[in-house]
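Below is one structure, written out as structure tokens; the observations come after it.
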Amino acid sequence: MSALLQLLVNGLVFSCIIVLGGIGLSLVYSIADFANFAHGDLMTVGAFAAFVSAGALAGVLPDVTFFELPLALYVGLFVGMAAAALVAVGTEWLVYRPLKNAGSIELLITSIGVALAYRALIQMQFGSGQRSYAIDRQGRVEWLFDAVGVALTPRDFVVIGLTLALVVGLHALLQYTTLGRKMRATADNPNLARVSGIRTREVVLAMWIIGGALAAAGGVFLGIDLLVRPRMGFDLLLVVFAAVILGGIGSVYGAMLGGLVIGMAHELTPAIPFVGVEYASGVAFVLMVAILLLRPHGIMGEPA
Amino acid sequence: MSAETPTTDRSASATNRILDVDGVDSGYGEVQVLSDLSLHLNEGEIVCLIGPNGAGKSTVLKTVFGLLAPWTGQITLRGEPIGGRDPADLVRDGVGYVPQVDNVFGSLSIDENLRMGGVARRDGLEEVIGQLYDRFPILREKEGAKARTLSGGQRQVLAFARALVMEPEVLLIDEPSAGLAPSIVQDVFENVQTVNDLGTTILMVEQNAREGLRISDRGYVLDQGSVAYEDDADQLLDNPEVSRLYLGGADYA
Ligand SMILES: Nc1ncnc2c1ncn2[C@@H]1O[C@H](COP(=O)(O)OP(=O)(O)O)[C@@H](O)[C@H]1O
Ligand SMILES: [Mg+2]
């Protein structure tokens, strides 16, 4: 029982990372109307920007830690989010805006090129090896383990807590602010949005900023959970896609739910008899296909 | 004031022109739909645009509203050229548009739909939305419901109200009665009439040509992308040729 609970908790941490990546992927799909294959590498960009800035700030900021993570890394997280948002907006300006009359397939293929460009630039600077954030990794939180038999590290708390805060913040933005309503309106019916007087350019910009920042947070959390590698985001991309498609591509809430389900499925694989942990991604995809058979547009998706 | 030549007769109606479409060609990509199309709106009028399916009526509205750029010719609003300007700018200049289809945000609530109609307002948003709720109580009743749950008639009311949040001077409406039960069609025309009485100039496309013309001041018959007839609405209704070709035979009403 507590083994299963343990797997669920592990799944929650992985889910957080998938959710943060999936939201941006879904936003881009709903507003800019294409599947962005560079989104995984945007997560990598954020993770490396955080790595660099946290490293640079380590000697400057007071040497204090919260939940085993140094202050410099928290600041690095925000720098990483800002950097990825900037890169996303810059890419839109440089690449996607000039292609605004291109179709979804052309944009998809272009985004593969963008992904390669991001990765090449990172590898030119950092090589292809792996790095680690300067975290003094300790073990589980003992009182929690004693109480419920689940091993959770302090940094897991940070990942889960900050993801929750970001998701709740995004929900509030989408539901209760004018910008959020404009984003939903533009995703729902771009022509009517223009007809209503919405400046859709501003909406597209906001969408890239939010998607980029959240992707970076996901990337940094992946780096905190494991390591920082130039291929980290790309390797995750297919699982993120599975989550977003399962949830209903184009729906932000679908991306949240899909991320949760796929993250759990991924980590629960060892609990399935005769299926090895190396099939974790496979299990996630099988689940995606099974759900799509029942609901062809995903859990929260609507027929076009 | 006017850039016209001094020899032009400046009748009262000419000076009250609010919208002028002059010799416009337009279409989609390479496909030309409108050729040398001219029409105008005088302040305070309801003008009805009728004609067979595919004649280019919707294309006229889309071109005026900047969803399509005119290939040639001029479109002016109170004398200012507006051809090819962005719809988001036209909304701010007092022009509104109710598309024929997909004219509500289905996943947004009724209230949010109205708010989106007013994004370009500087002030008075709550007040205007309150007035629209008073005028269309069904919208207030369903305020929090998603627009996609509305019936066809209610949806048309919402689409209309969404455009009215900006209190436009000129309103372009594309087939407001399309697909509605005959019992509601009359309500739709009444709403159009009321908005016009409150001072909005209206250019309306209608398939229900006879009904549309009855509430209109003037009408244009569009055929294959050009104006085939233009006259006062009652003259068009009385014109036997127009009646035979475009109004489905003798007046039965
Ligand atoms: N988005 C479009 N792309 C290409 N052709 C179109 C498009 N919309 C309409 N058309 C064509 O333009 C012509 C006029 O259409 P439209 O203005 O919608 O006619 P109406 O509103 O009078 O029925 C038709 O032949 C139609 O097929
Ligand atoms: Mg039409």
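So you can find residues: chains in the structure tokens are A, B, ... in the order shown, residues in each start at 1, and ligands are numbered from 1 in order.
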Test item: residues no farther than 6 Å from ligand 1, counting only C-alpha atoms and all ligand atoms, as an MDAnalysis selection string = chainID B and resid 28 33 53:59
Export of the given selection (N, CA, C and O atoms) as a PDB file, in the first residue's frame:
```pdb
ATOM      1  N   TYR B  28     -11.211  36.588 -52.649  1.00  0.00           N
ATOM      2  CA  TYR B  28     -10.427  35.722 -51.769  1.00  0.00           C
ATOM      3  C   TYR B  28      -9.220  35.199 -52.538  1.00  0.00           C
ATOM      4  O   TYR B  28      -9.382  34.486 -53.521  1.00  0.00           O
ATOM      5  N   VAL B  33     -14.551  38.275 -56.371  1.00  0.00           N
ATOM      6  CA  VAL B  33     -15.977  38.117 -56.096  1.00  0.00           C
ATOM      7  C   VAL B  33     -16.724  39.412 -56.423  1.00  0.00           C
ATOM      8  O   VAL B  33     -17.721  39.401 -57.117  1.00  0.00           O
ATOM      9  N   ASN B  53     -27.884  33.496 -53.380  1.00  0.00           N
ATOM     10  CA  ASN B  53     -26.771  32.876 -52.677  1.00  0.00           C
ATOM     11  C   ASN B  53     -25.497  32.955 -53.499  1.00  0.00           C
ATOM     12  O   ASN B  53     -25.517  32.681 -54.690  1.00  0.00           O
ATOM     13  N   GLY B  54     -24.421  33.339 -52.873  1.00  0.00           N
ATOM     14  CA  GLY B  54     -23.143  33.392 -53.582  1.00  0.00           C
ATOM     15  C   GLY B  54     -22.948  34.669 -54.383  1.00  0.00           C
ATOM     16  O   GLY B  54     -21.963  34.816 -55.107  1.00  0.00           O
ATOM     17  N   ALA B  55     -23.886  35.613 -54.267  1.00  0.00           N
ATOM     18  CA  ALA B  55     -23.785  36.858 -55.030  1.00  0.00           C
ATOM     19  C   ALA B  55     -22.625  37.725 -54.544  1.00  0.00           C
ATOM     20  O   ALA B  55     -22.115  38.573 -55.276  1.00  0.00           O
ATOM     21  N   GLY B  56     -22.214  37.522 -53.304  1.00  0.00           N
ATOM     22  CA  GLY B  56     -21.116  38.321 -52.756  1.00  0.00           C
ATOM     23  C   GLY B  56     -21.547  39.260 -51.644  1.00  0.00           C
ATOM     24  O   GLY B  56     -20.793  40.167 -51.264  1.00  0.00           O
ATOM     25  N   LYS B  57     -22.727  39.042 -51.089  1.00  0.00           N
ATOM     26  CA  LYS B  57     -23.245  39.941 -50.050  1.00  0.00           C
ATOM     27  C   LYS B  57     -22.349  39.940 -48.812  1.00  0.00           C
ATOM     28  O   LYS B  57     -21.957  40.992 -48.302  1.00  0.00           O
ATOM     29  N   SER B  58     -22.034  38.734 -48.332  1.00  0.00           N
ATOM     30  CA  SER B  58     -21.154  38.660 -47.161  1.00  0.00           C
ATOM     31  C   SER B  58     -19.792  39.254 -47.476  1.00  0.00           C
ATOM     32  O   SER B  58     -19.162  39.892 -46.624  1.00  0.00           O
ATOM     33  N   THR B  59     -19.346  39.055 -48.697  1.00  0.00           N
ATOM     34  CA  THR B  59     -18.041  39.582 -49.103  1.00  0.00           C
ATOM     35  C   THR B  59     -18.033  41.117 -49.027  1.00  0.00           C
ATOM     36  O   THR B  59     -17.015  41.716 -48.670  1.00  0.00           O
TER      37      THR B  59
END
```
Contacts with ligand 2 at most 12 Å, only C-alpha atoms and all ligand atoms counted, listed as a ChimeraX atom specification | /B:49-62,98-101,173-178,204-207,222
Give as a VMD selection string every residue of chain A that touches chain B within 6 Å, counting only C-alpha atoms.
-> chain A and resid 194 to 197
Output file for the selection above: all heavy atoms, as a PDB file, in the first residue's frame:
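And here is the file that came out, result05.pdb:
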```pdb
ATOM      1  N   ARG A 194     -11.003  39.504 -33.499  1.00  0.00           N
ATOM      2  CA  ARG A 194     -10.616  40.708 -34.248  1.00  0.00           C
ATOM      3  C   ARG A 194     -11.819  41.610 -34.465  1.00  0.00           C
ATOM      4  O   ARG A 194     -11.756  42.827 -34.311  1.00  0.00           O
ATOM      5  CB  ARG A 194     -10.057  40.328 -35.626  1.00  0.00           C
ATOM      6  CG  ARG A 194      -8.632  39.844 -35.606  1.00  0.00           C
ATOM      7  CD  ARG A 194      -8.243  39.409 -37.009  1.00  0.00           C
ATOM      8  NE  ARG A 194      -7.981  40.532 -37.901  1.00  0.00           N
ATOM      9  CZ  ARG A 194      -7.989  40.434 -39.236  1.00  0.00           C
ATOM     10  NH1 ARG A 194      -8.281  39.303 -39.814  1.00  0.00           N
ATOM     11  NH2 ARG A 194      -7.720  41.486 -39.975  1.00  0.00           N
ATOM     12  N   VAL A 195     -12.939  40.963 -34.835  1.00  0.00           N
ATOM     13  CA  VAL A 195     -14.165  41.708 -35.110  1.00  0.00           C
ATOM     14  C   VAL A 195     -14.629  42.471 -33.859  1.00  0.00           C
ATOM     15  O   VAL A 195     -15.201  43.546 -33.957  1.00  0.00           O
ATOM     16  CB  VAL A 195     -15.261  40.719 -35.599  1.00  0.00           C
ATOM     17  CG1 VAL A 195     -16.633  41.332 -35.511  1.00  0.00           C
ATOM     18  CG2 VAL A 195     -14.947  40.274 -37.019  1.00  0.00           C
ATOM     19  N   SER A 196     -14.344  41.908 -32.684  1.00  0.00           N
ATOM     20  CA  SER A 196     -14.760  42.550 -31.437  1.00  0.00           C
ATOM     21  C   SER A 196     -13.818  43.674 -31.025  1.00  0.00           C
ATOM     22  O   SER A 196     -14.088  44.359 -30.047  1.00  0.00           O
ATOM     23  CB  SER A 196     -14.818  41.518 -30.309  1.00  0.00           C
ATOM     24  OG  SER A 196     -15.748  40.524 -30.619  1.00  0.00           O
ATOM     25  N   GLY A 197     -12.713  43.810 -31.720  1.00  0.00           N
ATOM     26  CA  GLY A 197     -11.781  44.886 -31.392  1.00  0.00           C
ATOM     27  C   GLY A 197     -10.607  44.439 -30.543  1.00  0.00           C
ATOM     28  O   GLY A 197      -9.831  45.264 -30.068  1.00  0.00           O
TER      29      GLY A 197
END
```
Every residue of segment 31-157 of chain A that DSSP places in helix (DSSP H, G or I), as a PyMOL selection string | chain A and resi 31+39-58+71-99+104-126+142-148+154-157
Hey, what's within 12 Å of Arg201 of chain A if we count only C-alpha atoms and toss same-chain stuff fewer than 4 positions away? As a PDB file with N, CA and C atoms, in the first residue's frame, please?
```pdb
ATOM      1  N   ILE A  31      -3.866  29.175 -29.757  1.00  0.00           N
ATOM      2  CA  ILE A  31      -3.865  30.569 -30.214  1.00  0.00           C
ATOM      3  C   ILE A  31      -3.061  30.758 -31.500  1.00  0.00           C
ATOM      4  N   ALA A  32      -1.884  30.112 -31.602  1.00  0.00           N
ATOM      5  CA  ALA A  32      -1.089  30.274 -32.822  1.00  0.00           C
ATOM      6  C   ALA A  32      -1.364  29.138 -33.802  1.00  0.00           C
ATOM      7  N   VAL A  89       9.320  35.051 -27.242  1.00  0.00           N
ATOM      8  CA  VAL A  89       8.831  36.254 -27.915  1.00  0.00           C
ATOM      9  C   VAL A  89       9.746  36.619 -29.082  1.00  0.00           C
ATOM     10  N   GLU A  92       9.105  34.324 -31.933  1.00  0.00           N
ATOM     11  CA  GLU A  92       7.853  34.676 -32.599  1.00  0.00           C
ATOM     12  C   GLU A  92       8.086  35.832 -33.565  1.00  0.00           C
ATOM     13  N   TRP A  93       8.840  36.806 -33.084  1.00  0.00           N
ATOM     14  CA  TRP A  93       9.093  38.015 -33.876  1.00  0.00           C
ATOM     15  C   TRP A  93       9.960  37.700 -35.102  1.00  0.00           C
ATOM     16  N   ARG A  97       6.192  35.243 -36.867  1.00  0.00           N
ATOM     17  CA  ARG A  97       5.391  36.350 -37.379  1.00  0.00           C
ATOM     18  C   ARG A  97       5.571  36.545 -38.883  1.00  0.00           C
ATOM     19  N   LYS A 100       3.232  34.370 -40.961  1.00  0.00           N
ATOM     20  CA  LYS A 100       1.866  34.320 -40.433  1.00  0.00           C
ATOM     21  C   LYS A 100       0.845  33.792 -41.429  1.00  0.00           C
ATOM     22  N   LYS A 182      -9.513  37.683 -22.995  1.00  0.00           N
ATOM     23  CA  LYS A 182      -9.130  37.907 -24.393  1.00  0.00           C
ATOM     24  C   LYS A 182      -8.398  36.685 -24.944  1.00  0.00           C
ATOM     25  N   MET A 183      -7.563  36.075 -24.096  1.00  0.00           N
ATOM     26  CA  MET A 183      -6.840  34.884 -24.556  1.00  0.00           C
ATOM     27  C   MET A 183      -7.818  33.758 -24.857  1.00  0.00           C
ATOM     28  N   THR A 186      -9.745  34.618 -28.043  1.00  0.00           N
ATOM     29  CA  THR A 186      -8.947  34.473 -29.256  1.00  0.00           C
ATOM     30  C   THR A 186      -8.744  33.001 -29.587  1.00  0.00           C
ATOM     31  N   PRO A 190     -10.769  33.236 -33.349  1.00  0.00           N
ATOM     32  CA  PRO A 190      -9.851  34.347 -33.643  1.00  0.00           C
ATOM     33  C   PRO A 190     -10.476  35.430 -34.522  1.00  0.00           C
ATOM     34  N   ALA A 193     -12.708  37.514 -32.463  1.00  0.00           N
ATOM     35  CA  ALA A 193     -11.886  38.322 -31.564  1.00  0.00           C
ATOM     36  C   ALA A 193     -11.462  39.622 -32.255  1.00  0.00           C
ATOM     37  N   ARG A 194     -11.003  39.504 -33.499  1.00  0.00           N
ATOM     38  CA  ARG A 194     -10.616  40.708 -34.248  1.00  0.00           C
ATOM     39  C   ARG A 194     -11.819  41.610 -34.465  1.00  0.00           C
ATOM     40  N   GLY A 197     -12.713  43.810 -31.720  1.00  0.00           N
ATOM     41  CA  GLY A 197     -11.781  44.886 -31.392  1.00  0.00           C
ATOM     42  C   GLY A 197     -10.607  44.439 -30.543  1.00  0.00           C
ATOM     43  N   LEU A 205       1.341  37.661 -28.030  1.00  0.00           N
ATOM     44  CA  LEU A 205       2.549  37.971 -27.247  1.00  0.00           C
ATOM     45  C   LEU A 205       2.425  37.436 -25.824  1.00  0.00           C
ATOM     46  N   ALA A 206       1.277  37.722 -25.199  1.00  0.00           N
ATOM     47  CA  ALA A 206       1.043  37.250 -23.826  1.00  0.00           C
ATOM     48  C   ALA A 206       1.113  35.725 -23.770  1.00  0.00           C
ATOM     49  N   MET A 207       0.554  35.096 -24.799  1.00  0.00           N
ATOM     50  CA  MET A 207       0.547  33.639 -24.864  1.00  0.00           C
ATOM     51  C   MET A 207       1.978  33.087 -24.886  1.00  0.00           C
ATOM     52  N   TRP A 208       2.864  33.691 -25.690  1.00  0.00           N
ATOM     53  CA  TRP A 208       4.256  33.210 -25.751  1.00  0.00           C
ATOM     54  C   TRP A 208       4.975  33.464 -24.435  1.00  0.00           C
TER      55      TRP A 208
ATOM     56  N   ASP B  86      -7.503  47.648 -40.242  1.00  0.00           N
ATOM     57  CA  ASP B  86      -7.763  46.496 -39.393  1.00  0.00           C
ATOM     58  C   ASP B  86      -9.118  46.629 -38.697  1.00  0.00           C
ATOM     59  N   ALA B  88      -9.958  45.787 -35.811  1.00  0.00           N
ATOM     60  CA  ALA B  88      -9.811  46.280 -34.434  1.00  0.00           C
ATOM     61  C   ALA B  88      -9.772  47.812 -34.405  1.00  0.00           C
TER      62      ALA B  88
END
```
Please provide the set of residues having any atom within 12 Å of Ile291 of chain A, restricted to only C-alpha atoms, with same-chain residues fewer than 2 positions apart removed, written as a list of chain:residue names.
->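 Once the nearby chain positions are removed, what remains is A:Ala242, A:Ala243, A:Ile245, A:Leu246, A:Gly247, A:Gly248, A:Gly258, A:Val261, A:Ile262, A:Ala284, A:Phe285, A:Val286, A:Leu287, A:Met288, A:Val289, A:Leu293, A:Leu294, A:Arg295, A:Pro296, A:His297, A:Gly298, A:Ile299, A:Met300, A:Gly301.
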Expected file contents, prior selection, N, CA, C and O atoms, as a short mmCIF file (atom, residue, chain, number, x, y, z; two decimals), in the first residue's frame:
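Just written: out04.cif:
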```
data_model
loop_
_atom_site.label_atom_id
_atom_site.label_comp_id
_atom_site.auth_asym_id
_atom_site.auth_seq_id
_atom_site.Cartn_x
_atom_site.Cartn_y
_atom_site.Cartn_z
N ALA A 242 1.87 13.65 -25.46
CA ALA A 242 0.89 12.62 -25.09
C ALA A 242 -0.08 13.19 -24.06
O ALA A 242 -1.29 13.01 -24.17
N ALA A 243 0.47 13.89 -23.08
CA ALA A 243 -0.37 14.46 -22.02
C ALA A 243 -1.36 15.47 -22.58
O ALA A 243 -2.55 15.47 -22.23
N ILE A 245 -2.42 15.86 -25.69
CA ILE A 245 -3.40 15.27 -26.61
C ILE A 245 -4.45 14.51 -25.80
O ILE A 245 -5.64 14.59 -26.08
N LEU A 246 -3.99 13.81 -24.80
CA LEU A 246 -4.91 13.07 -23.94
C LEU A 246 -5.90 14.03 -23.25
O LEU A 246 -7.09 13.76 -23.14
N GLY A 247 -5.38 15.15 -22.79
CA GLY A 247 -6.24 16.10 -22.09
C GLY A 247 -7.17 16.84 -23.02
O GLY A 247 -8.19 17.37 -22.61
N GLY A 248 -6.79 16.90 -24.31
CA GLY A 248 -7.57 17.66 -25.28
C GLY A 248 -6.71 18.83 -25.74
O GLY A 248 -6.65 19.85 -25.06
N GLY A 258 -4.23 16.14 -18.28
CA GLY A 258 -3.45 15.16 -19.04
C GLY A 258 -2.07 14.99 -18.45
O GLY A 258 -1.54 13.88 -18.35
N VAL A 261 -2.32 12.86 -15.33
CA VAL A 261 -2.57 11.44 -15.64
C VAL A 261 -1.30 10.79 -16.21
O VAL A 261 -0.89 9.71 -15.76
N ILE A 262 -0.68 11.44 -17.19
CA ILE A 262 0.48 10.84 -17.85
C ILE A 262 1.66 10.73 -16.87
O ILE A 262 2.38 9.74 -16.84
N ALA A 284 2.54 5.21 -20.97
CA ALA A 284 1.89 6.52 -21.09
C ALA A 284 1.19 6.66 -22.43
O ALA A 284 0.06 7.14 -22.52
N PHE A 285 1.85 6.18 -23.49
CA PHE A 285 1.25 6.30 -24.82
C PHE A 285 0.07 5.35 -25.00
O PHE A 285 -0.93 5.71 -25.63
N VAL A 286 0.19 4.14 -24.44
CA VAL A 286 -0.93 3.20 -24.51
C VAL A 286 -2.17 3.82 -23.84
O VAL A 286 -3.28 3.77 -24.36
N LEU A 287 -1.93 4.46 -22.71
CA LEU A 287 -3.02 5.11 -21.99
C LEU A 287 -3.63 6.22 -22.85
O LEU A 287 -4.86 6.38 -22.93
N MET A 288 -2.75 6.98 -23.50
CA MET A 288 -3.24 8.06 -24.36
C MET A 288 -4.14 7.50 -25.45
O MET A 288 -5.25 7.99 -25.69
N VAL A 289 -3.69 6.44 -26.12
CA VAL A 289 -4.46 5.85 -27.21
C VAL A 289 -5.79 5.32 -26.68
O VAL A 289 -6.84 5.53 -27.29
N LEU A 293 -9.50 6.59 -27.87
CA LEU A 293 -10.50 5.71 -28.48
C LEU A 293 -11.87 6.01 -27.88
O LEU A 293 -12.89 5.95 -28.57
N LEU A 294 -11.89 6.34 -26.59
CA LEU A 294 -13.15 6.64 -25.93
C LEU A 294 -13.59 8.07 -26.20
O LEU A 294 -14.76 8.36 -26.42
N ARG A 295 -12.62 8.99 -26.15
CA ARG A 295 -12.92 10.41 -26.39
C ARG A 295 -11.93 10.95 -27.42
O ARG A 295 -10.86 11.42 -27.07
N PRO A 296 -12.32 10.93 -28.69
CA PRO A 296 -11.38 11.26 -29.77
C PRO A 296 -10.75 12.65 -29.66
O PRO A 296 -9.70 12.90 -30.23
N HIS A 297 -11.41 13.58 -28.95
CA HIS A 297 -10.83 14.92 -28.84
C HIS A 297 -10.16 15.13 -27.49
O HIS A 297 -9.87 16.26 -27.10
N GLY A 298 -9.91 14.04 -26.76
CA GLY A 298 -9.28 14.16 -25.46
C GLY A 298 -10.30 14.40 -24.37
O GLY A 298 -11.49 14.60 -24.64
N ILE A 299 -9.83 14.37 -23.13
CA ILE A 299 -10.76 14.44 -22.00
C ILE A 299 -11.52 15.77 -22.00
O ILE A 299 -12.74 15.81 -21.86
N MET A 300 -10.80 16.88 -22.14
CA MET A 300 -11.45 18.19 -22.07
C MET A 300 -11.63 18.82 -23.45
O MET A 300 -12.12 19.94 -23.54
N GLY A 301 -11.21 18.15 -24.50
CA GLY A 301 -11.24 18.76 -25.83
C GLY A 301 -12.64 18.77 -26.40
O GLY A 301 -13.51 18.01 -25.99
#
```
Selection: 12 Å around Pro137 of chain B, only C-alpha atoms, excl. self and same-chain fewer than 6 positions, as a PyMOL selection string | chain B and resi 110+129-131+143+154+157-158+161
Residues as selected, all heavy atoms, written as a tab-separated table (two decimals), in the first residue's frame, can you do that?
```tsv
chain	number	residue	atom	x	y	z
B	110	ILE	N	-22.16	34.21	-21.41
B	110	ILE	CA	-22.88	35.32	-22.03
B	110	ILE	C	-22.23	36.64	-21.59
B	110	ILE	O	-21.95	37.52	-22.40
B	110	ILE	CB	-24.36	35.34	-21.57
B	110	ILE	CG1	-25.02	33.98	-21.72
B	110	ILE	CG2	-25.14	36.44	-22.28
B	110	ILE	CD1	-24.91	33.33	-23.03
B	129	ILE	N	-23.59	47.42	-20.60
B	129	ILE	CA	-23.98	46.01	-20.48
B	129	ILE	C	-25.29	45.91	-19.68
B	129	ILE	O	-26.19	45.14	-20.04
B	129	ILE	CB	-22.85	45.18	-19.84
B	129	ILE	CG1	-21.69	45.05	-20.84
B	129	ILE	CG2	-23.35	43.80	-19.45
B	129	ILE	CD1	-20.51	44.24	-20.34
B	130	GLY	N	-25.42	46.74	-18.64
B	130	GLY	CA	-26.66	46.77	-17.87
B	130	GLY	C	-27.85	47.14	-18.75
B	130	GLY	O	-28.91	46.51	-18.67
B	131	GLN	N	-27.67	48.15	-19.61
B	131	GLN	CA	-28.76	48.56	-20.51
B	131	GLN	C	-29.13	47.44	-21.46
B	131	GLN	O	-30.30	47.20	-21.75
B	131	GLN	CB	-28.34	49.79	-21.31
B	131	GLN	CG	-28.30	51.07	-20.49
B	131	GLN	CD	-27.54	52.18	-21.22
B	131	GLN	OE1	-27.10	52.00	-22.35
B	131	GLN	NE2	-27.38	53.32	-20.55
B	143	GLU	N	-26.88	34.91	-18.06
B	143	GLU	CA	-25.60	35.61	-17.86
B	143	GLU	C	-24.37	34.71	-17.73
B	143	GLU	O	-23.35	34.89	-18.38
B	143	GLU	CB	-25.76	36.45	-16.60
B	143	GLU	CG	-24.70	37.44	-16.33
B	143	GLU	CD	-25.03	38.21	-15.03
B	143	GLU	OE1	-25.94	37.76	-14.28
B	143	GLU	OE2	-24.38	39.20	-14.79
B	154	GLN	N	-31.50	32.79	-29.47
B	154	GLN	CA	-30.80	33.47	-28.36
B	154	GLN	C	-29.38	33.84	-28.76
B	154	GLN	O	-28.85	34.90	-28.41
B	154	GLN	CB	-30.76	32.55	-27.14
B	154	GLN	CG	-32.14	32.29	-26.54
B	154	GLN	CD	-32.13	31.13	-25.57
B	154	GLN	OE1	-31.18	30.36	-25.50
B	154	GLN	NE2	-33.20	30.99	-24.81
B	157	VAL	N	-29.37	36.94	-30.73
B	157	VAL	CA	-29.55	38.09	-29.84
B	157	VAL	C	-28.21	38.45	-29.20
B	157	VAL	O	-27.80	39.62	-29.15
B	157	VAL	CB	-30.60	37.81	-28.75
B	157	VAL	CG1	-30.59	38.91	-27.69
B	157	VAL	CG2	-31.99	37.67	-29.37
B	158	LEU	N	-27.48	37.43	-28.74
B	158	LEU	CA	-26.17	37.68	-28.11
B	158	LEU	C	-25.19	38.29	-29.11
B	158	LEU	O	-24.47	39.24	-28.79
B	158	LEU	CB	-25.60	36.39	-27.52
B	158	LEU	CG	-24.21	36.52	-26.90
B	158	LEU	CD1	-24.22	37.51	-25.74
B	158	LEU	CD2	-23.69	35.16	-26.42
B	161	ALA	N	-26.13	41.83	-29.51
B	161	ALA	CA	-25.82	42.62	-28.32
B	161	ALA	C	-24.30	42.81	-28.19
B	161	ALA	O	-23.84	43.88	-27.79
B	161	ALA	CB	-26.36	41.92	-27.08
```
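Taking atom CA of Thr72 of chain B and atom CA of Ser216 of chain B as endpoints, the distance between them is 28.6 Å.
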Val13 of chain A surroundings by only C-alpha atoms, 8 Å radius, close-in-sequence under 6 positions cut, as a VMD selection string = chain A and resid 156 159 to 160 263
Keeping only N, CA and C atoms, write the selected residues as a compact mmCIF listing (two decimals), in the first residue's frame.
```
# COMPACT_ATOMS: atom_id res chain seq x y z
N ASP A 156 11.16 18.14 -3.46
CA ASP A 156 9.88 17.72 -4.05
C ASP A 156 8.76 18.65 -3.62
N VAL A 159 8.89 21.77 -5.71
CA VAL A 159 8.38 21.55 -7.07
C VAL A 159 6.86 21.49 -7.06
N ILE A 160 6.31 20.72 -6.13
CA ILE A 160 4.85 20.57 -6.08
C ILE A 160 4.19 21.88 -5.68
N GLY A 263 1.84 11.77 -16.06
CA GLY A 263 2.93 11.72 -15.07
C GLY A 263 2.76 10.55 -14.11
```
Enumerate as an MDAnalysis selection string all residues of segment 132-244 of chain B assigned to strand (DSSP E or B) by DSSP on the backbone, naming them with the chain letters and numbers the document uses.
-> chainID B and resid 146 170:174 201:205 218:223 226:232
Spatial neighbours of Gln138 of chain A, 10 Å, only C-alpha atoms, chain gap at least 2 places, as JSON, numbers by chain | {"A": [68, 135, 136, 140, 141, 153, 154, 155]}
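Atom CA of Arg85 of chain B to atom CA of Val64 of chain B spans 9.2 Å [interatomic distance, one decimal].
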Residue nearest Leu71 of chain A - candidates A:Ile249, A:Met43, A:Ala134, A:Val239, atoms counted: only C-alpha atoms | A:Ala134
